[in-house]
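Note sheet for the following structure.
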Amino acid sequence: MPDIDWLDIYRRVVLNDGHGAIGNRDVDRVISEIIGNQTIAEMIEHSFTTDPSAELTIRILMNLRSKWATDYCYRIYTEDENITRKRSSVELLSSIAHESAFPWAFQFLDDEDLVIQRYGARLVQVSIEYGLIDPDQCKQIFKKMEGHHNKNVRSFYQGIQEQLLRNDPL
């Protein structure tokens, strides 16, 4: 087991933010730091495989909800030429559902690939479901989803609207 300097981590993560109180974001950042970016990258790469344990890494990444993992997935989407990896990265982004990913949903909906468009719509749904974005702030993206040429995107839009009308959590 590694030696962990908890006071150093507290100073860097909590006090450097200037708030002095420990919140869930701080805990997430500390866990990511302890695990390490290299391990997180390896987990992401493994999640793209057909290995039966890939689902385990996906679940861990979903629980971790790391901004670094989110950014890594987005880099794959923007820089990788392989469409399967691009799709897998956007799918994982929609599963991790870090709040920083929501603005990218517009880009995913505009992508030429129908599967990436669907995962972009899923990102919107999950972001609302997890309370990462207020539905009142989604007017632009709802308009885009409602009139989208991809029937799967429109279906996500309809499902979100039905849930919001019932005032039930997604």
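We label chains A, B, ... in the order they appear in the structure tokens, count residues from 1 in each chain, and number ligands from 1 in the order shown.
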
Residues within 10 Å of Asn37 in chain A, only C-alpha atoms, excluding chain neighbours under 3 positions, as a PyMOL selection string
chain A and resi 32-34+40-43+66+68-69+72

Give me the residues within 8 Å of Asp26 in chain A as a PyMOL selection string, counting only C-alpha atoms and dropping any in the same chain fewer than 4 places off.
chain A and resi 13-14+22+30

CA of Ser100 in chain A to CA of Leu7 in chain A, straight-line distance in Å:
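These two atoms are separated by 27.5 Å.
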
Give me, as a count of residues only, the residues of range 1-139 of chain A that a backbone DSSP run labels helix (DSSP H, G or I).
105

Counting only C-alpha atoms, the residue of A:Lys86, A:Val126, A:Glu81, A:Val27 that sits nearest Tyr157 in chain A
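Using only C-alpha atoms, the shortest distance to Tyr157 in chain A belongs to A:Val126.
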
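Remark: for Leu123 in chain A, the closest of the candidate residues A:Val153, A:Ala105, A:Ile83, A:Ile141 is A:Ala105 (distances computed over only C-alpha atoms).
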
Considering only C-alpha atoms, can you say which of A:Arg65, A:Ala54, A:Thr49, A:Ile4 comes closest to Arg25 in chain A?
A:Arg65

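Here CA of Phe48 in chain A is placed at a distance of 20.2 Å from CA of Asp111 in chain A.
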
Give me the residues near Leu114 in chain A as a ChimeraX atom specification, where near means some atom within 9 Å (using only C-alpha atoms) and where sequence neighbours in that chain fewer than 4 positions away do not count.
/A:109,118-119,150,152-153

Using only C-alpha atoms, which residues sit within 10 Å of range 132-134 of chain A once same-chain residues fewer than 2 positions away are excluded, as a tab-separated table (two decimals) with N, CA and C atoms, in the first residue's frame?
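Saved result, part19.tsv, follows:
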```tsv
chain	number	residue	atom	x	y	z
A	97	ALA	N	-20.54	10.93	-17.01
A	97	ALA	CA	-21.44	12.06	-16.73
A	97	ALA	C	-20.82	13.09	-15.79
A	98	HIS	N	-19.62	13.52	-16.10
A	98	HIS	CA	-19.03	14.63	-15.35
A	98	HIS	C	-19.63	15.93	-15.87
A	99	GLU	N	-19.87	16.86	-14.98
A	99	GLU	CA	-20.53	18.10	-15.38
A	99	GLU	C	-19.79	18.86	-16.48
A	100	SER	N	-18.49	18.69	-16.56
A	100	SER	CA	-17.72	19.42	-17.57
A	100	SER	C	-18.01	18.93	-19.00
A	101	ALA	N	-18.62	17.76	-19.14
A	101	ALA	CA	-18.87	17.20	-20.47
A	101	ALA	C	-20.12	17.75	-21.14
A	102	PHE	N	-21.05	18.30	-20.37
A	102	PHE	CA	-22.33	18.72	-20.94
A	102	PHE	C	-22.20	19.65	-22.15
A	124	VAL	N	-27.02	14.33	-22.54
A	124	VAL	CA	-27.99	15.33	-22.07
A	124	VAL	C	-28.92	14.71	-21.03
A	125	GLN	N	-29.47	13.55	-21.36
A	125	GLN	CA	-30.39	12.87	-20.44
A	125	GLN	C	-29.74	12.58	-19.09
A	126	VAL	N	-28.55	12.00	-19.13
A	126	VAL	CA	-27.86	11.62	-17.90
A	126	VAL	C	-27.47	12.87	-17.10
A	127	SER	N	-27.06	13.92	-17.78
A	127	SER	CA	-26.68	15.16	-17.07
A	127	SER	C	-27.86	15.74	-16.31
A	128	ILE	N	-29.04	15.66	-16.90
A	128	ILE	CA	-30.24	16.13	-16.21
A	128	ILE	C	-30.60	15.17	-15.08
A	129	GLU	N	-30.55	13.88	-15.38
A	129	GLU	CA	-30.90	12.86	-14.39
A	129	GLU	C	-30.05	12.97	-13.13
A	130	TYR	N	-28.75	13.22	-13.30
A	130	TYR	CA	-27.83	13.31	-12.15
A	130	TYR	C	-27.81	14.70	-11.52
A	136	ASP	N	-33.95	23.92	-17.06
A	136	ASP	CA	-34.26	25.27	-17.53
A	136	ASP	C	-33.11	25.87	-18.35
A	137	GLN	N	-31.91	25.32	-18.19
A	137	GLN	CA	-30.75	25.80	-18.93
A	137	GLN	C	-30.54	25.03	-20.23
A	138	CYS	N	-31.48	24.19	-20.59
A	138	CYS	CA	-31.32	23.29	-21.74
A	138	CYS	C	-32.17	23.69	-22.94
```

Just give me the gap between CA of Asp51 in chain A and CA of Trp104 in chain A in Å, one decimal is fine.
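One can read the CA of Asp51 in chain A to CA of Trp104 in chain A distance as 28.5 Å.
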
Test item: residues at most 12 Å from Thr84 in chain A, only C-alpha atoms, excluding those fewer than 6 positions along its chain, as a PyMOL selection string:
chain A and resi 48-49+76-77+90-91+113+115-116
